[in-house]
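Asker: Just one file: run.pdb, with PDB, C-alpha atoms and all ligand atoms.
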ATOM      1  CA  MET A   4      70.756 118.002  82.570
ATOM      2  CA  LYS A   5      73.470 115.342  82.629
ATOM      3  CA  ILE A   6      77.173 115.895  83.224
ATOM      4  CA  GLY A   7      79.737 113.131  82.767
ATOM      5  CA  ILE A   8      82.450 112.388  85.308
ATOM      6  CA  LEU A   9      85.226 110.565  83.521
ATOM      7  CA  THR A  10      87.152 108.624  86.127
ATOM      8  CA  ARG A  11      89.083 105.444  86.662
ATOM      9  CA  ASN A  12      87.593 105.162  90.157
ATOM     10  CA  GLU A  13      83.917 105.968  90.685
ATOM     11  CA  GLU A  14      84.302 105.328  94.387
ATOM     12  CA  SER A  15      86.882 108.059  94.845
ATOM     13  CA  TRP A  16      86.077 110.749  97.385
ATOM     14  CA  CYS A  17      86.321 113.602  94.873
ATOM     15  CA  SER A  18      84.027 111.917  92.347
ATOM     16  CA  ALA A  19      81.488 111.298  95.123
ATOM     17  CA  GLN A  20      81.705 114.973  96.123
ATOM     18  CA  LEU A  21      81.066 116.022  92.523
ATOM     19  CA  ARG A  22      78.055 113.711  92.293
ATOM     20  CA  THR A  23      76.561 115.140  95.483
ATOM     21  CA  ALA A  24      77.170 118.699  94.288
ATOM     22  CA  MET A  25      75.431 117.928  90.986
ATOM     23  CA  GLU A  26      72.484 116.192  92.579
ATOM     24  CA  ARG A  27      71.910 119.216  94.816
ATOM     25  CA  ARG A  28      71.439 121.191  91.608
ATOM     26  CA  ASN A  29      69.205 118.581  89.958
ATOM     27  CA  ILE A  30      71.947 117.565  87.558
ATOM     28  CA  GLU A  31      72.300 113.870  86.850
ATOM     29  CA  PRO A  32      75.930 112.789  87.213
ATOM     30  CA  ILE A  33      77.038 110.079  84.795
ATOM     31  CA  ASN A  34      80.081 108.076  85.884
ATOM     32  CA  MET A  35      82.072 107.194  82.820
ATOM     33  CA  ARG A  36      85.058 104.952  82.265
ATOM     34  CA  PHE A  37      87.234 105.244  79.199
ATOM     35  CA  GLN A  38      87.249 101.480  78.805
ATOM     36  CA  ARG A  39      83.507 101.475  78.047
ATOM     37  CA  ILE A  40      83.320 104.418  75.656
ATOM     38  CA  VAL A  41      82.714 103.644  72.000
ATOM     39  CA  ALA A  42      83.781 106.126  69.333
ATOM     40  CA  ARG A  43      82.417 105.992  65.791
ATOM     41  CA  VAL A  44      83.452 107.589  62.521
ATOM     42  CA  GLY A  45      81.007 107.639  59.596
ATOM     43  CA  ALA A  46      78.370 106.134  61.893
ATOM     44  CA  GLU A  47      76.182 107.328  64.735
ATOM     45  CA  PRO A  48      76.389 108.044  67.590
ATOM     46  CA  THR A  49      79.820 109.640  67.413
ATOM     47  CA  ALA A  50      80.514 108.575  70.973
ATOM     48  CA  SER A  51      78.471 106.430  73.284
ATOM     49  CA  PHE A  52      78.697 105.100  76.773
ATOM     50  CA  GLY A  53      76.171 102.332  77.320
ATOM     51  CA  ASP A  54      72.799 103.927  76.457
ATOM     52  CA  ILE A  55      74.229 107.431  76.597
ATOM     53  CA  ASP A  56      74.829 109.305  73.368
ATOM     54  CA  VAL A  57      77.631 111.483  74.688
ATOM     55  CA  LEU A  58      77.140 114.499  72.402
ATOM     56  CA  ARG A  59      73.339 114.477  72.570
ATOM     57  CA  ASP A  60      72.825 113.619  76.229
ATOM     58  CA  LEU A  61      75.694 115.249  78.108
ATOM     59  CA  SER A  62      76.123 118.975  78.697
ATOM     60  CA  ALA A  63      79.753 118.666  79.803
ATOM     61  CA  ILE A  64      82.399 116.228  80.979
ATOM     62  CA  ILE A  65      84.621 116.650  84.021
ATOM     63  CA  VAL A  66      87.828 114.652  83.682
ATOM     64  CA  ARG A  67      89.167 113.070  86.862
ATOM     65  CA  PRO A  68      92.435 111.067  86.847
ATOM     66  CA  ILE A  69      92.349 109.115  83.610
ATOM     67  CA  GLY A  70      94.522 106.300  84.918
ATOM     68  CA  ARG A  71      97.309 104.352  83.389
ATOM     69  CA  GLY A  72      97.225 102.758  80.014
ATOM     70  CA  SER A  73      99.337 101.674  77.079
ATOM     71  CA  LEU A  74     100.577 104.345  74.704
ATOM     72  CA  GLU A  75      97.756 103.415  72.298
ATOM     73  CA  GLU A  76      95.093 103.605  74.990
ATOM     74  CA  ILE A  77      96.244 106.995  76.233
ATOM     75  CA  ILE A  78      96.502 108.443  72.735
ATOM     76  CA  PHE A  79      93.060 107.064  71.818
ATOM     77  CA  ARG A  80      91.551 108.559  74.997
ATOM     78  CA  MET A  81      93.052 111.951  74.268
ATOM     79  CA  ASP A  82      92.034 111.826  70.587
ATOM     80  CA  MET A  83      88.492 111.027  71.652
ATOM     81  CA  LEU A  84      88.378 113.944  74.084
ATOM     82  CA  HIS A  85      89.737 116.260  71.391
ATOM     83  CA  ARG A  86      87.014 115.073  68.995
ATOM     84  CA  LEU A  87      84.261 115.647  71.553
ATOM     85  CA  GLU A  88      85.626 119.116  72.237
ATOM     86  CA  ARG A  89      85.841 119.916  68.503
ATOM     87  CA  LEU A  90      82.219 118.865  68.174
ATOM     88  CA  GLY A  91      81.211 121.338  70.865
ATOM     89  CA  LEU A  92      81.216 119.496  74.192
ATOM     90  CA  PHE A  93      82.668 121.420  77.142
ATOM     91  CA  ILE A  94      85.402 119.388  78.822
ATOM     92  CA  LEU A  95      87.101 120.330  82.092
ATOM     93  CA  ASN A  96      90.049 120.411  81.702
ATOM     94  CA  PRO A  97      90.470 121.017  77.979
ATOM     95  CA  PRO A  98      92.188 117.950  76.467
ATOM     96  CA  SER A  99      95.151 120.035  75.301
ATOM     97  CA  ALA A 100      95.729 121.177  78.895
ATOM     98  CA  ILE A 101      95.570 117.590  80.139
ATOM     99  CA  GLU A 102      98.181 116.569  77.577
ATOM    100  CA  ARG A 103     100.507 119.375  78.562
ATOM    101  CA  SER A 104     100.171 118.959  82.296
ATOM    102  CA  VAL A 105     100.648 115.201  82.518
ATOM    103  CA  ASP A 106     104.047 115.706  80.926
ATOM    104  CA  LYS A 107     106.406 117.351  83.409
ATOM    105  CA  PHE A 108     108.859 118.414  80.716
ATOM    106  CA  TYR A 109     106.129 120.026  78.605
ATOM    107  CA  THR A 110     104.764 121.838  81.667
ATOM    108  CA  SER A 111     108.113 123.122  82.974
ATOM    109  CA  ALA A 112     109.021 124.348  79.493
ATOM    110  CA  LEU A 113     105.727 126.242  79.116
ATOM    111  CA  LEU A 114     106.117 127.756  82.579
ATOM    112  CA  GLU A 115     109.612 128.989  81.806
ATOM    113  CA  GLU A 116     108.453 130.402  78.468
ATOM    114  CA  ALA A 117     105.700 132.273  80.344
ATOM    115  CA  GLY A 118     108.377 133.896  82.520
ATOM    116  CA  LEU A 119     107.477 131.882  85.620
ATOM    117  CA  PRO A 120     110.037 130.576  88.159
ATOM    118  CA  VAL A 121     110.890 126.870  87.805
ATOM    119  CA  PRO A 122     113.747 124.777  89.248
ATOM    120  CA  ARG A 123     116.675 124.113  86.944
ATOM    121  CA  THR A 124     115.742 120.930  85.107
ATOM    122  CA  VAL A 125     117.567 118.647  82.678
ATOM    123  CA  VAL A 126     115.799 116.040  80.565
ATOM    124  CA  THR A 127     117.582 113.401  78.497
ATOM    125  CA  GLU A 128     117.394 109.801  77.320
ATOM    126  CA  SER A 129     121.115 109.280  77.930
ATOM    127  CA  ALA A 130     122.498 108.029  81.249
ATOM    128  CA  ASP A 131     125.903 109.569  80.425
ATOM    129  CA  GLU A 132     124.358 112.979  79.807
ATOM    130  CA  ALA A 133     122.236 112.645  82.941
ATOM    131  CA  LEU A 134     125.404 112.005  84.924
ATOM    132  CA  LYS A 135     126.933 115.227  83.608
ATOM    133  CA  ALA A 136     123.708 117.016  84.480
ATOM    134  CA  PHE A 137     123.826 115.575  88.001
ATOM    135  CA  HIS A 138     127.007 117.608  88.602
ATOM    136  CA  GLU A 139     125.680 120.606  86.649
ATOM    137  CA  LEU A 140     122.664 120.692  89.020
ATOM    138  CA  GLY A 141     124.850 120.688  92.120
ATOM    139  CA  GLY A 142     125.038 116.973  92.950
ATOM    140  CA  ASP A 143     121.700 116.975  94.796
ATOM    141  CA  ILE A 144     118.778 116.244  92.525
ATOM    142  CA  VAL A 145     115.265 114.886  92.330
ATOM    143  CA  LEU A 146     114.735 112.288  89.606
ATOM    144  CA  LYS A 147     111.067 112.159  88.579
ATOM    145  CA  PRO A 148     109.009 110.004  86.261
ATOM    146  CA  ILE A 149     108.092 112.382  83.463
ATOM    147  CA  PHE A 150     104.413 111.243  83.634
ATOM    148  CA  GLY A 151     104.276 110.611  87.404
ATOM    149  CA  SER A 152     101.907 111.848  90.086
ATOM    150  CA  ARG A 153     101.273 111.679  93.847
ATOM    151  CA  GLY A 154     104.994 111.705  94.539
ATOM    152  CA  ARG A 155     105.264 108.119  93.314
ATOM    153  CA  GLY A 156     108.597 107.119  91.851
ATOM    154  CA  SER A 157     110.380 110.404  92.560
ATOM    155  CA  THR A 158     113.796 109.903  94.163
ATOM    156  CA  ARG A 159     116.225 112.344  95.710
ATOM    157  CA  ILE A 160     119.814 111.484  94.788
ATOM    158  CA  SER A 161     122.912 113.093  96.239
ATOM    159  CA  ASP A 162     125.408 110.246  95.805
ATOM    160  CA  VAL A 163     127.114 110.018  92.426
ATOM    161  CA  ASN A 164     127.385 106.219  92.559
ATOM    162  CA  VAL A 165     123.688 105.852  93.277
ATOM    163  CA  ALA A 166     123.002 108.372  90.512
ATOM    164  CA  GLU A 167     124.980 106.386  87.962
ATOM    165  CA  ARG A 168     123.377 103.075  88.949
ATOM    166  CA  ILE A 169     119.839 104.499  88.751
ATOM    167  CA  PHE A 170     120.405 106.494  85.557
ATOM    168  CA  ARG A 171     121.713 103.365  83.780
ATOM    169  CA  ALA A 172     118.722 101.326  84.975
ATOM    170  CA  VAL A 173     116.244 103.998  83.826
ATOM    171  CA  ASP A 174     118.049 104.294  80.488
ATOM    172  CA  PHE A 175     117.974 100.472  80.089
ATOM    173  CA  HIS A 176     114.176 100.518  80.488
ATOM    174  CA  HIS A 177     113.859 103.236  77.833
ATOM    175  CA  GLN A 178     112.450 105.762  80.263
ATOM    176  CA  VAL A 179     113.262 109.447  80.007
ATOM    177  CA  LEU A 180     115.521 110.920  82.689
ATOM    178  CA  TYR A 181     113.939 114.039  84.212
ATOM    179  CA  LEU A 182     116.341 115.613  86.711
ATOM    180  CA  GLN A 183     115.669 118.677  88.796
ATOM    181  CA  GLU A 184     117.898 120.545  91.206
ATOM    182  CA  PHE A 185     116.815 119.783  94.768
ATOM    183  CA  ILE A 186     115.168 122.862  96.259
ATOM    184  CA  PRO A 187     115.533 122.948 100.081
ATOM    185  CA  HIS A 188     112.020 123.716 101.301
ATOM    186  CA  GLY A 189     111.938 122.670 104.930
ATOM    187  CA  SER A 190     109.520 119.780 104.302
ATOM    188  CA  SER A 191     106.567 121.915 103.343
ATOM    189  CA  ASP A 192     105.150 123.442 100.196
ATOM    190  CA  LEU A 193     102.104 125.288  98.905
ATOM    191  CA  ARG A 194      99.234 123.942  96.834
ATOM    192  CA  ALA A 195      96.970 126.444  95.126
ATOM    193  CA  LEU A 196      93.770 125.292  93.488
ATOM    194  CA  VAL A 197      93.098 127.586  90.564
ATOM    195  CA  LEU A 198      89.628 127.657  89.023
ATOM    196  CA  GLY A 199      88.658 129.926  86.146
ATOM    197  CA  GLY A 200      91.651 132.253  86.513
ATOM    198  CA  ARG A 201      91.577 132.741  90.292
ATOM    199  CA  VAL A 202      92.830 130.886  93.353
ATOM    200  CA  LEU A 203      89.786 129.160  94.829
ATOM    201  CA  ALA A 204      91.577 127.611  97.812
ATOM    202  CA  SER A 205      95.090 126.910  99.000
ATOM    203  CA  MET A 206      96.949 124.990 101.653
ATOM    204  CA  ARG A 207     100.358 124.404 103.124
ATOM    205  CA  ARG A 208     101.353 120.754 103.040
ATOM    206  CA  VAL A 209     103.672 119.770 105.868
ATOM    207  CA  SER A 210     105.534 116.512 105.704
ATOM    208  CA  ASP A 211     108.152 114.444 107.547
ATOM    209  CA  SER A 212     110.158 114.107 104.360
ATOM    210  CA  TRP A 213     111.002 116.155 101.293
ATOM    211  CA  LYS A 214     107.929 114.821  99.454
ATOM    212  CA  THR A 215     104.941 116.891 100.466
ATOM    213  CA  ASN A 216     102.147 115.061  98.634
ATOM    214  CA  VAL A 217      99.122 114.492 100.865
ATOM    215  CA  SER A 218      99.017 110.964  99.418
ATOM    216  CA  GLN A 219     102.538 110.485 100.848
ATOM    217  CA  GLY A 220     101.321 111.443 104.317
ATOM    218  CA  ALA A 221     101.773 115.235 104.363
ATOM    219  CA  LYS A 222      99.354 117.182 106.571
ATOM    220  CA  PRO A 223      97.217 119.870 104.943
ATOM    221  CA  LEU A 224      97.115 123.183 106.821
ATOM    222  CA  PRO A 225      95.239 126.390 106.043
ATOM    223  CA  VAL A 226      97.364 129.150 104.549
ATOM    224  CA  ASN A 227      96.924 132.654 103.212
ATOM    225  CA  LEU A 228      98.958 133.016 100.063
ATOM    226  CA  ASP A 229     100.903 136.175  99.278
ATOM    227  CA  GLU A 230      99.584 138.094  96.334
ATOM    228  CA  GLU A 231     102.765 137.246  94.411
ATOM    229  CA  VAL A 232     102.252 133.516  94.936
ATOM    230  CA  GLU A 233      98.578 133.717  93.941
ATOM    231  CA  GLU A 234      99.567 135.534  90.813
ATOM    232  CA  ILE A 235     102.144 132.965  89.720
ATOM    233  CA  ALA A 236      99.695 130.123  90.458
ATOM    234  CA  VAL A 237      97.068 131.727  88.228
ATOM    235  CA  LYS A 238      99.636 132.401  85.500
ATOM    236  CA  ALA A 239     100.931 128.824  85.722
ATOM    237  CA  ALA A 240      97.442 127.398  85.179
ATOM    238  CA  GLU A 241      96.980 129.766  82.279
ATOM    239  CA  ALA A 242     100.349 128.867  80.705
ATOM    240  CA  VAL A 243      99.308 125.225  80.589
ATOM    241  CA  GLY A 244      95.734 126.068  79.520
ATOM    242  CA  CYS A 245      94.068 124.631  82.637
ATOM    243  CA  GLU A 246      90.745 126.071  83.775
ATOM    244  CA  LEU A 247      91.095 123.953  86.917
ATOM    245  CA  ALA A 248      94.579 123.274  88.260
ATOM    246  CA  GLY A 249      96.419 122.202  91.366
ATOM    247  CA  VAL A 250      99.641 124.190  91.320
ATOM    248  CA  ASP A 251     102.525 122.959  93.503
ATOM    249  CA  ILE A 252     104.846 125.714  94.680
ATOM    250  CA  LEU A 253     108.075 125.358  96.666
ATOM    251  CA  GLU A 254     109.354 128.255  98.749
ATOM    252  CA  SER A 255     113.021 128.398  97.844
ATOM    253  CA  ALA A 256     115.546 130.800  99.353
ATOM    254  CA  GLY A 257     115.244 132.839  96.141
ATOM    255  CA  GLY A 258     111.438 132.969  96.153
ATOM    256  CA  PRO A 259     108.608 130.706  95.015
ATOM    257  CA  VAL A 260     109.231 128.096  92.301
ATOM    258  CA  ILE A 261     106.624 125.970  90.561
ATOM    259  CA  VAL A 262     107.245 122.237  90.358
ATOM    260  CA  GLU A 263     103.945 121.036  88.997
ATOM    261  CA  VAL A 264     100.621 121.969  87.445
ATOM    262  CA  ASN A 265      98.108 119.196  87.990
ATOM    263  CA  SER A 266      95.155 119.129  85.581
ATOM    264  CA  GLN A 267      93.229 116.441  87.475
ATOM    265  CA  PRO A 268      93.850 117.546  91.038
ATOM    266  CA  GLY A 269      92.284 115.849  94.042
ATOM    267  CA  TRP A 270      91.032 118.144  96.838
ATOM    268  CA  ARG A 271      90.276 115.903  99.790
ATOM    269  CA  GLY A 272      93.175 117.302 101.856
ATOM    270  CA  LEU A 273      92.509 120.830 100.673
ATOM    271  CA  GLN A 274      88.793 120.585 101.520
ATOM    272  CA  SER A 275      89.749 119.926 105.144
ATOM    273  CA  THR A 276      91.385 123.381 105.314
ATOM    274  CA  THR A 277      88.529 125.479 103.939
ATOM    275  CA  THR A 278      84.807 126.106 104.356
ATOM    276  CA  ILE A 279      84.368 126.675 100.607
ATOM    277  CA  ASN A 280      82.690 123.621  99.096
ATOM    278  CA  ILE A 281      85.201 122.876  96.348
ATOM    279  CA  ALA A 282      83.081 120.346  94.433
ATOM    280  CA  ASP A 283      80.187 122.797  94.427
ATOM    281  CA  GLU A 284      82.432 125.562  93.068
ATOM    282  CA  ILE A 285      83.637 123.263  90.281
ATOM    283  CA  VAL A 286      80.078 122.334  89.290
ATOM    284  CA  LYS A 287      79.036 125.999  89.433
ATOM    285  CA  TYR A 288      81.971 126.881  87.204
ATOM    286  CA  VAL A 289      81.021 124.219  84.642
ATOM    287  CA  LEU A 290      77.445 125.555  84.560
ATOM    288  CA  HIS A 291      78.746 129.074  84.049
ATOM    289  CA  ARG A 292      81.039 127.929  81.219
ATOM    290  CA  ILE A 293      78.374 126.026  79.301
ATOM    291  CA  LYS A 294      75.949 128.931  79.536
ATOM    292  CA  ARG A 295      78.473 131.287  77.960
TER     293      ARG A 295
HETATM  294  N1  LIG A 301     112.995 120.049  92.793
HETATM  295  C1  LIG A 301     112.495 119.689  93.969
HETATM  296  N2  LIG A 301     113.165 119.946  95.121
HETATM  297  C2  LIG A 301     112.655 119.574  96.310
HETATM  298  N3  LIG A 301     111.489 118.932  96.463
HETATM  299  C3  LIG A 301     110.787 118.644  95.345
HETATM  300  C4  LIG A 301     111.249 118.998  94.049
HETATM  301  N4  LIG A 301     110.342 118.600  93.142
HETATM  302  C5  LIG A 301     109.351 118.024  93.837
HETATM  303  N5  LIG A 301     109.612 118.035  95.154
HETATM  304  C6  LIG A 301     108.740 117.479  96.208
HETATM  305  O1  LIG A 301     108.148 116.310  95.695
HETATM  306  C7  LIG A 301     106.734 116.460  95.600
HETATM  307  C8  LIG A 301     106.222 115.797  94.314
HETATM  308  O2  LIG A 301     106.766 116.435  93.194
HETATM  309  P1  LIG A 301     105.871 116.917  91.979
HETATM  310  O3  LIG A 301     106.778 117.525  90.982
HETATM  311  O4  LIG A 301     104.742 117.741  92.473
HETATM  312  O5  LIG A 301     105.355 115.535  91.358
HETATM  313  P2  LIG A 301     104.054 114.636  91.636
HETATM  314  O6  LIG A 301     103.375 114.610  90.311
HETATM  315  O7  LIG A 301     104.571 113.291  92.018
HETATM  316  O8  LIG A 301     103.228 115.317  92.699
HETATM  317  C9  LIG A 301     106.493 117.961  95.661
HETATM  318  O9  LIG A 301     105.230 118.267  96.195
HETATM  319  C10 LIG A 301     107.623 118.422  96.554
HETATM  320  O10 LIG A 301     107.316 118.217  97.913
HETATM  321 MG    MG A 302     102.691 117.341  92.847
END
I need this file expressed as C-alpha cells, please.

Answerer:
Amino acid sequence: MKIGILTRNEESWCSAQLRTAMERRNIEPINMRFQRIVARVGAEPTASFGDIDVLRDLSAIIVRPIGRGSLEEIIFRMDMLHRLERLGLFILNPPSAIERSVDKFYTSALLEEAGLPVPRTVVTESADEALKAFHELGGDIVLKPIFGSRGRGSTRISDVNVAERIFRAVDFHHQVLYLQEFIPHGSSDLRALVLGGRVLASMRRVSDSWKTNVSQGAKPLPVNLDEEVEEIAVKAAEAVGCELAGVDILESAGGPVIVEVNSQPGWRGLQSTTTINIADEIVKYVLHRIKR
C-alpha cells in the first residue's frame, strides 16, 4: 500500500514522523509536491506524480502545509484535490475543510453559526471602516492576515494613530483587514489536536508575549482539558469539516474562545507533551477511514 504525503517540505519533522509511522506498518510513503503533479482531462492518467498514477497507486493522501502560491496556483491545487476526492481518493483533510480553515473569516463565521464562542471580529476592505471598528472593538485589537499562520504578520494595535497608518497601508496593498478584539489571556493558550471527532492530545502553550505559537517561541506544556473545552474543540473541527484539526483556544475572563482551526497542524511541540505517538495515530486513522 502507498499513501501520499503532500507537502512543501519533505524534510519537515512531521512529514518524517508520518513516513516512519507508515514504514512501521509496511506502507510506502510517497512524498508529493504540488509543483510536480500533472492533472489531465480527457486523457489518462487523471493525475500523476512522476511514475505514480495517483488514483491507481495511492490509497490516500495526507495534506501537510500546502505552502504559498499565486491565486491561480492555490485554486488549481484545491481544484485538483477536489477532483481526486470526487473520484474516490481519501484525502486528509477533505479539500473543502482545507479551504474553509485557511480563511480566518470563513472559519470564524462557521464557528459562530455553530454556536461556538469566538472573539468579536470585524472584516472589511476599507481603512475608514476598519478605523470605526477599531473603536467598536474597544481600541485594543489584533490585526491578522486573513490567510496567515504561525503567528506571522499578526499585530496587536492599541494606538489609534498606529491603527490608521497600518490600516491605510493594508488597504493600499489590497489586503483584507481582519480585526479582532484583543482577548487578555495571560500569555498562554490551549491547543487541542482533534482527530476523528475526539481530542487526541492537547497542550498549554506558554509564551513571553501575547502570541502563543510554538513557532514564535512559546513553550508547550502538558495540560488536561476541561470537558467543556474538549467539547468545543471537537465541535469546532466539525463545524469546519476537519477530520484532523489543531484548535487554538484562548481562556478569556468570560470562558474559552476559539481563535483558529488549523487543518494542517504541526505537532512537534505537542508531541513533546504526550506519550501518544501522534503520527502513528494519524496513520491508523487513515487506515480505518479507507477500510470503511
Ligand atoms: N483576539 C486575540 N486576542 C489575544 N491574542 C490573540 C488573539 N488572536 C490570536 N491571538 C494570539 O495570537 C496567536 C496566533 O493567532 P491565530 O489566530 O491562532 O493565528 P495563526 O494562524 O497565526 O496561528 C494565538 O495563538 C494567540 O496566542
Ligand atoms: Mg494559531

Asker: With a cut-off of 6 Å, could you pull out the residues of chain A touching ligand LIG 301 (chain A) and give me the nearest pair of atoms for each, distance in Å to one decimal, using only C-alpha atoms and all ligand atoms, ordered by chain and ascending number, as a Markdown table?

Answerer:
| residue | atom | partner | partner_atom | distance |
| --- | --- | --- | --- | --- |
| A:Pro122 | CA | A:LIG301 | N1 | 6.0 |
| A:Val145 | CA | A:LIG301 | N1 | 5.7 |
| A:Gly151 | CA | A:LIG301 | O6 | 5.0 |
| A:Ser152 | CA | A:LIG301 | O6 | 3.1 |
| A:Arg153 | CA | A:LIG301 | O7 | 4.1 |
| A:Gly154 | CA | A:LIG301 | O7 | 3.0 |
| A:Arg155 | CA | A:LIG301 | O7 | 5.4 |
| A:Gln183 | CA | A:LIG301 | N1 | 5.0 |
| A:Glu184 | CA | A:LIG301 | N1 | 5.2 |
| A:Phe185 | CA | A:LIG301 | N2 | 3.7 |
| A:Ile186 | CA | A:LIG301 | N2 | 3.7 |
| A:Pro187 | CA | A:LIG301 | C2 | 5.8 |
| A:Trp213 | CA | A:LIG301 | O10 | 5.4 |
| A:Lys214 | CA | A:LIG301 | O10 | 3.8 |
| A:Thr215 | CA | A:LIG301 | O10 | 3.7 |
| A:Asn216 | CA | A:LIG301 | O9 | 5.1 |
| A:Asp251 | CA | A:LIG301 | O4 | 5.8 |
| A:Val262 | CA | A:LIG301 | O3 | 4.8 |
| A:Glu263 | CA | A:LIG301 | O4 | 4.9 |

Asker: Which is closer to Phe108 in chain A than all the others in A:Val217, A:Arg36, A:Leu182, A:Glu76, using only C-alpha atoms?

Answerer: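 Nearest to Phe108 in chain A: A:Leu182.
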
Asker: Around all listed atoms of range 7-18 of chain A, padded 8 Å per side, what centre and edge lengths does the axis-aligned box have in Å to one decimal, as lines of an AutoDock Vina configuration file?

Answerer:
center_x = 84.4
center_y = 109.4
center_z = 90.1
size_x = 25.3
size_y = 24.4
size_z = 30.6

Asker: Could you check how far CA of Thr124 in chain A sits from CA of Leu224 in chain A, in Å to one decimal?

Answerer: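 Between CA of Thr124 in chain A and CA of Leu224 in chain A the gap works out to 28.7 Å.
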
Asker: Skip Arg208 in chain A itself and residues of its chain fewer than 3 positions away, then list as a ChimeraX atom specification all residues within 6 Å of it, counting all atoms listed in the file.

Answerer: /A:191-192,215,221-223

Asker: Would you work out the distance separating CA of Ile169 in chain A from CA of Ala136 in chain A, expressed in Å to one decimal?

Answerer: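 Separation between CA of Ile169 in chain A and CA of Ala136 in chain A: 13.8 Å.
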
Asker: How many Å separate CA of Arg67 in chain A from CA of Trp16 in chain A?

Answerer: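 Pair CA of Arg67 in chain A / CA of Trp16 in chain A returns 11.2 Å.
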
Asker: What would the selection look like, as a ChimeraX atom specification, if the PyMOL selection byres (((chain A and resi 248) around 8) and not hetatm) were run on the coordinates I just shared?

Answerer: /A:195-198,240,245-247,249-250,264-268

Asker: Specify as an NGL selection string each residue included when the PyMOL selection byres (((chain A and resi 125) around 12) and not hetatm) is applied to this file.

Answerer: :A and (107-108 or 111-112 or 121-124 or 126-130 or 132-140 or 144-147 or 149 or 179-184)

Asker: Where does the PyMOL selection byres (((chain A and resi 82-96) around 9) and not hetatm) land in this file, that is, which residues does it pick, as a PyMOL selection string?

Answerer: chain A and resi 42+49-50+57-58+61-67+77-81+97-101+244-248+266-267+289+292-293

Asker: Please provide as a PDB file with C-alpha atoms, keeping the file's coordinate frame all residues within 9 Å of Gly189 in chain A, with the sequence filter that same-chain residues fewer than 6 positions apart are discarded (counting only C-alpha atoms).

Answerer:
ATOM      1  CA  VAL A 209     103.672 119.770 105.868  1.00  0.00           C
ATOM      2  CA  SER A 210     105.534 116.512 105.704  1.00  0.00           C
ATOM      3  CA  SER A 212     110.158 114.107 104.360  1.00  0.00           C
ATOM      4  CA  TRP A 213     111.002 116.155 101.293  1.00  0.00           C
ATOM      5  CA  GLU A 254     109.354 128.255  98.749  1.00  0.00           C
TER       6      GLU A 254
END

Asker: Counting all atoms listed in the file, which residue out of A:Val232, A:Ile6, A:Val243, A:Ile279 sits closest to Pro120 in chain A?

Answerer: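 Nearest to Pro120 in chain A: A:Val232.
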
Asker: Which residue gives the smallest distance to ligand MG 302 (chain A) among A:Ser15, A:Gln274, A:Ser157, A:Gln178, with only C-alpha atoms and all ligand atoms counted?

Answerer: A:Ser157

Asker: Quick one: everything within 12 Å of Ile30 in chain A, counting all atoms listed in the file, minus sequence neighbours fewer than 5 positions away in the same chain. Send it as a PyMOL selection string.

Answerer: chain A and resi 4-8+21-25+61-63+283+286-287+289-290

Asker: For the residues selected in the previous step, produce a file with C-alpha atoms as a tab-separated table (two decimals), in the coordinates of the input.

Answerer:
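The file below, result.tsv, is the result:
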chain	number	residue	atom	x	y	z
A	4	MET	CA	70.76	118.00	82.57
A	5	LYS	CA	73.47	115.34	82.63
A	6	ILE	CA	77.17	115.90	83.22
A	7	GLY	CA	79.74	113.13	82.77
A	8	ILE	CA	82.45	112.39	85.31
A	21	LEU	CA	81.07	116.02	92.52
A	22	ARG	CA	78.06	113.71	92.29
A	23	THR	CA	76.56	115.14	95.48
A	24	ALA	CA	77.17	118.70	94.29
A	25	MET	CA	75.43	117.93	90.99
A	61	LEU	CA	75.69	115.25	78.11
A	62	SER	CA	76.12	118.98	78.70
A	63	ALA	CA	79.75	118.67	79.80
A	283	ASP	CA	80.19	122.80	94.43
A	286	VAL	CA	80.08	122.33	89.29
A	287	LYS	CA	79.04	126.00	89.43
A	289	VAL	CA	81.02	124.22	84.64
A	290	LEU	CA	77.44	125.56	84.56

Asker: Which residue is closest to Glu13 in chain A? Choose from A:Leu228, A:Ala256, A:Ile33, A:Ala242 and count only C-alpha atoms.

Answerer: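 Looking at the shortest contact to Glu13 in chain A, the residue is A:Ile33.
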
Asker: Calculated over all atoms listed in the file, which of the candidates A:Ser218, A:Val44, A:Glu26, A:Leu9 has the smallest distance to ligand MG 302 (chain A)?

Answerer: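 The closest residue to ligand MG 302 (chain A) is A:Ser218.
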
Asker: Please reconstruct the missing atoms of range 290-295 of chain A (target: N, CA, C and O atoms) and return them as a tab-separated table (two decimals), in the frame of the given file.

Answerer:
chain	number	residue	atom	x	y	z
A	290	LEU	N	78.74	125.01	85.00
A	290	LEU	CA	77.44	125.56	84.56
A	290	LEU	C	77.63	126.94	83.93
A	290	LEU	O	77.02	127.25	82.91
A	291	HIS	N	78.47	127.73	84.56
A	291	HIS	CA	78.75	129.07	84.05
A	291	HIS	C	79.41	128.99	82.67
A	291	HIS	O	79.06	129.74	81.75
A	292	ARG	N	80.32	128.05	82.50
A	292	ARG	CA	81.04	127.93	81.22
A	292	ARG	C	80.14	127.45	80.10
A	292	ARG	O	80.29	127.85	78.95
A	293	ILE	N	79.20	126.54	80.42
A	293	ILE	CA	78.37	126.03	79.30
A	293	ILE	C	77.25	126.99	78.95
A	293	ILE	O	76.69	126.92	77.88
A	294	LYS	N	76.96	127.91	79.84
A	294	LYS	CA	75.95	128.93	79.54
A	294	LYS	C	76.53	129.97	78.58
A	294	LYS	O	75.83	130.51	77.75
A	295	ARG	N	77.86	130.19	78.71
A	295	ARG	CA	78.47	131.29	77.96
A	295	ARG	C	78.48	131.02	76.47
A	295	ARG	O	78.71	129.91	76.03
